[in-house]
Amino acid sequence: MALYGTRTVEDFCFAEEMATEWREQGVELRQVISRPKSDWRGPTGYVQSLLDHIAPEAEKNPSR
């Protein structure tokens, strides 16, 4: 699992690789944006905010 945060969608690096190669290799990507535009449907804030959701999931699914 990879946690990835940026200010805007335009700031994401390796977008093509994340969409194809990373998924093909089984990498689960969690993205968060701190300054989203109105069309962003994903999580907002900072990478640290994702940890509150991931820690309980990791306890339930230790193989992830």
# chains A, B, ... in the order shown; residues from 1 in each chain; ligands from 1
>>> select_by_dssp(residues="chain A", states="alpha helix (DSSP H)", output="ChimeraX atom specification")
/A:15-17,23-24,47-60
>>> write_last_selection(atoms="all heavy atoms", output="compact mmCIF listing (two decimals), in the first residue's frame")
# COMPACT_ATOMS: atom_id res chain seq x y z
N ALA A 15 1.50 9.64 -12.64
CA ALA A 15 0.08 9.28 -12.77
C ALA A 15 -0.13 8.08 -13.68
O ALA A 15 -0.93 7.20 -13.36
CB ALA A 15 -0.71 10.49 -13.27
N GLU A 16 0.55 8.03 -14.79
CA GLU A 16 0.38 6.91 -15.72
C GLU A 16 0.87 5.61 -15.09
O GLU A 16 0.21 4.58 -15.18
CB GLU A 16 1.13 7.19 -17.02
CG GLU A 16 0.88 6.13 -18.07
CD GLU A 16 1.52 6.49 -19.40
OE1 GLU A 16 1.53 7.68 -19.75
OE2 GLU A 16 2.00 5.56 -20.06
N GLU A 17 2.02 5.66 -14.44
CA GLU A 17 2.56 4.47 -13.81
C GLU A 17 1.64 3.98 -12.69
O GLU A 17 1.44 2.78 -12.51
CB GLU A 17 3.96 4.74 -13.23
CG GLU A 17 5.02 4.92 -14.28
CD GLU A 17 5.15 6.37 -14.76
OE1 GLU A 17 4.25 7.19 -14.48
OE2 GLU A 17 6.14 6.67 -15.42
N ARG A 23 -0.68 -0.88 -10.17
CA ARG A 23 -1.83 -1.77 -9.94
C ARG A 23 -1.54 -3.18 -10.42
O ARG A 23 -1.93 -4.15 -9.79
CB ARG A 23 -3.08 -1.22 -10.60
CG ARG A 23 -3.59 -0.01 -9.86
CD ARG A 23 -5.01 0.34 -10.24
NE ARG A 23 -5.41 1.51 -9.48
CZ ARG A 23 -5.84 2.63 -9.99
NH1 ARG A 23 -5.95 2.77 -11.29
NH2 ARG A 23 -6.19 3.64 -9.21
N GLU A 24 -0.87 -3.30 -11.56
CA GLU A 24 -0.50 -4.62 -12.08
C GLU A 24 0.40 -5.36 -11.11
O GLU A 24 0.38 -6.58 -11.04
CB GLU A 24 0.19 -4.49 -13.44
CG GLU A 24 -0.74 -4.08 -14.55
CD GLU A 24 0.00 -3.75 -15.83
OE1 GLU A 24 1.24 -3.86 -15.88
OE2 GLU A 24 -0.68 -3.35 -16.80
N VAL A 47 -1.72 13.37 4.18
CA VAL A 47 -1.46 11.93 4.23
C VAL A 47 -1.71 11.39 5.64
O VAL A 47 -2.28 10.31 5.80
CB VAL A 47 -0.03 11.61 3.77
CG1 VAL A 47 0.32 10.16 4.03
CG2 VAL A 47 0.13 11.93 2.29
N GLN A 48 -1.35 12.14 6.65
CA GLN A 48 -1.54 11.69 8.02
C GLN A 48 -3.00 11.36 8.30
O GLN A 48 -3.30 10.47 9.09
CB GLN A 48 -1.06 12.74 9.04
CG GLN A 48 0.38 13.11 8.93
CD GLN A 48 0.62 14.28 7.98
OE1 GLN A 48 0.09 14.32 6.87
NE2 GLN A 48 1.45 15.22 8.39
N SER A 49 -3.92 12.07 7.65
CA SER A 49 -5.35 11.82 7.88
C SER A 49 -5.77 10.45 7.36
O SER A 49 -6.75 9.88 7.83
CB SER A 49 -6.20 12.92 7.25
OG SER A 49 -6.07 12.92 5.84
N LEU A 50 -5.04 9.92 6.38
CA LEU A 50 -5.35 8.58 5.88
C LEU A 50 -5.01 7.50 6.90
O LEU A 50 -5.62 6.44 6.91
CB LEU A 50 -4.57 8.30 4.58
CG LEU A 50 -4.95 9.12 3.37
CD1 LEU A 50 -4.01 8.78 2.21
CD2 LEU A 50 -6.38 8.88 2.97
N LEU A 51 -4.04 7.78 7.74
CA LEU A 51 -3.60 6.78 8.71
C LEU A 51 -4.71 6.40 9.69
O LEU A 51 -4.78 5.26 10.14
CB LEU A 51 -2.37 7.28 9.47
CG LEU A 51 -1.12 7.48 8.61
CD1 LEU A 51 -0.01 8.08 9.45
CD2 LEU A 51 -0.68 6.18 7.98
N ASP A 52 -5.58 7.34 10.03
CA ASP A 52 -6.69 7.04 10.93
C ASP A 52 -7.60 5.96 10.35
O ASP A 52 -8.21 5.20 11.10
CB ASP A 52 -7.52 8.29 11.21
CG ASP A 52 -6.76 9.32 12.02
OD1 ASP A 52 -5.81 8.93 12.73
OD2 ASP A 52 -7.11 10.51 11.93
N HIS A 53 -7.68 5.89 9.03
CA HIS A 53 -8.54 4.90 8.38
C HIS A 53 -7.78 3.61 8.07
O HIS A 53 -8.37 2.54 8.07
CB HIS A 53 -9.11 5.46 7.08
CG HIS A 53 -9.91 6.70 7.29
ND1 HIS A 53 -11.17 6.67 7.82
CD2 HIS A 53 -9.62 8.00 7.07
CE1 HIS A 53 -11.62 7.92 7.93
NE2 HIS A 53 -10.70 8.73 7.47
N ILE A 54 -6.50 3.72 7.84
CA ILE A 54 -5.71 2.56 7.44
C ILE A 54 -5.33 1.69 8.64
O ILE A 54 -5.35 0.47 8.55
CB ILE A 54 -4.46 3.00 6.66
CG1 ILE A 54 -4.93 3.56 5.32
CG2 ILE A 54 -3.50 1.85 6.46
CD1 ILE A 54 -3.86 4.21 4.53
N ALA A 55 -5.01 2.30 9.76
CA ALA A 55 -4.58 1.53 10.93
C ALA A 55 -5.64 0.49 11.34
O ALA A 55 -5.31 -0.68 11.52
CB ALA A 55 -4.22 2.44 12.08
N PRO A 56 -6.92 0.86 11.47
CA PRO A 56 -7.92 -0.16 11.80
C PRO A 56 -8.04 -1.24 10.73
O PRO A 56 -8.24 -2.40 11.03
CB PRO A 56 -9.22 0.62 11.94
CG PRO A 56 -8.79 2.03 12.23
CD PRO A 56 -7.48 2.19 11.51
N GLU A 57 -7.92 -0.86 9.46
CA GLU A 57 -7.99 -1.84 8.37
C GLU A 57 -6.83 -2.82 8.45
O GLU A 57 -6.98 -4.01 8.23
CB GLU A 57 -7.96 -1.14 7.01
CG GLU A 57 -9.21 -0.40 6.64
CD GLU A 57 -9.08 0.29 5.30
OE1 GLU A 57 -8.28 -0.16 4.47
OE2 GLU A 57 -9.80 1.28 5.10
N ALA A 58 -5.64 -2.30 8.75
CA ALA A 58 -4.45 -3.15 8.83
C ALA A 58 -4.57 -4.15 9.98
O ALA A 58 -4.12 -5.29 9.86
CB ALA A 58 -3.20 -2.29 9.02
N GLU A 59 -5.17 -3.75 11.06
CA GLU A 59 -5.37 -4.67 12.18
C GLU A 59 -6.32 -5.80 11.78
O GLU A 59 -6.15 -6.93 12.20
CB GLU A 59 -5.91 -3.92 13.38
CG GLU A 59 -4.88 -3.02 14.04
CD GLU A 59 -5.45 -2.23 15.20
OE1 GLU A 59 -6.63 -2.44 15.56
OE2 GLU A 59 -4.71 -1.41 15.77
N LYS A 60 -7.33 -5.48 11.00
CA LYS A 60 -8.30 -6.50 10.56
C LYS A 60 -7.72 -7.40 9.47
O LYS A 60 -8.08 -8.55 9.37
CB LYS A 60 -9.57 -5.83 10.03
CG LYS A 60 -10.38 -5.13 11.09
CD LYS A 60 -11.58 -4.45 10.47
CE LYS A 60 -12.31 -3.61 11.48
NZ LYS A 60 -13.43 -2.87 10.88
>>> residues_around(residues="Arg30 in chain A", least_positions_apart="6", cutoff="10 Å", atoms="only C-alpha atoms", output="JSON, numbers by chain")
{"A": [1, 2, 3, 4, 5, 42, 43, 47, 50, 54]}
>>> write_last_selection(atoms="N, CA, C and O atoms", output="short mmCIF file (atom, residue, chain, number, x, y, z; two decimals), in the first residue's frame")
data_model
loop_
_atom_site.label_atom_id
_atom_site.label_comp_id
_atom_site.auth_asym_id
_atom_site.auth_seq_id
_atom_site.Cartn_x
_atom_site.Cartn_y
_atom_site.Cartn_z
N MET A 1 0.85 -1.17 0.00
CA MET A 1 0.00 0.00 0.00
C MET A 1 0.90 1.24 0.00
O MET A 1 1.89 1.30 0.72
N ALA A 2 0.53 2.19 -0.82
CA ALA A 2 1.26 3.44 -0.89
C ALA A 2 0.30 4.58 -0.58
O ALA A 2 -0.81 4.63 -1.12
N LEU A 3 0.72 5.47 0.29
CA LEU A 3 -0.04 6.67 0.61
C LEU A 3 0.60 7.83 -0.13
O LEU A 3 1.81 8.01 -0.07
N TYR A 4 -0.22 8.62 -0.81
CA TYR A 4 0.32 9.67 -1.66
C TYR A 4 -0.54 10.91 -1.55
O TYR A 4 -1.74 10.87 -1.82
N GLY A 5 0.06 12.00 -1.16
CA GLY A 5 -0.67 13.24 -1.02
C GLY A 5 -0.03 14.37 -1.79
O GLY A 5 1.18 14.45 -1.92
N GLY A 42 -12.20 12.22 -4.00
CA GLY A 42 -11.44 11.41 -3.05
C GLY A 42 -11.26 12.11 -1.71
O GLY A 42 -11.82 13.17 -1.46
N PRO A 43 -10.44 11.51 -0.86
CA PRO A 43 -10.18 12.09 0.46
C PRO A 43 -9.46 13.44 0.35
O PRO A 43 -8.71 13.68 -0.60
N VAL A 47 -1.72 13.37 4.18
CA VAL A 47 -1.46 11.93 4.23
C VAL A 47 -1.71 11.39 5.64
O VAL A 47 -2.28 10.31 5.80
N LEU A 50 -5.04 9.92 6.38
CA LEU A 50 -5.35 8.58 5.88
C LEU A 50 -5.01 7.50 6.90
O LEU A 50 -5.62 6.44 6.91
N ILE A 54 -6.50 3.72 7.84
CA ILE A 54 -5.71 2.56 7.44
C ILE A 54 -5.33 1.69 8.64
O ILE A 54 -5.35 0.47 8.55
#
>>> select_by_dssp(residues="chain A", states="strand (DSSP E)", output="list in words")
Ala2, Leu3, Tyr4, Gly5, Thr6, Leu29, Arg30, Gln31, Val32 and Ile33 of chain A
>>> atom_distance(atom1="CA of Gly45 in chain A", atom2="CA of Asp11 in chain A")
14.5 Å
>>> atom_distance(atom1="CA of Tyr46 in chain A", atom2="CA of Phe12 in chain A")
13.8 Å
>>> atom_distance(atom1="CA of Lys37 in chain A", atom2="CA of Thr6 in chain A")
12.4 Å
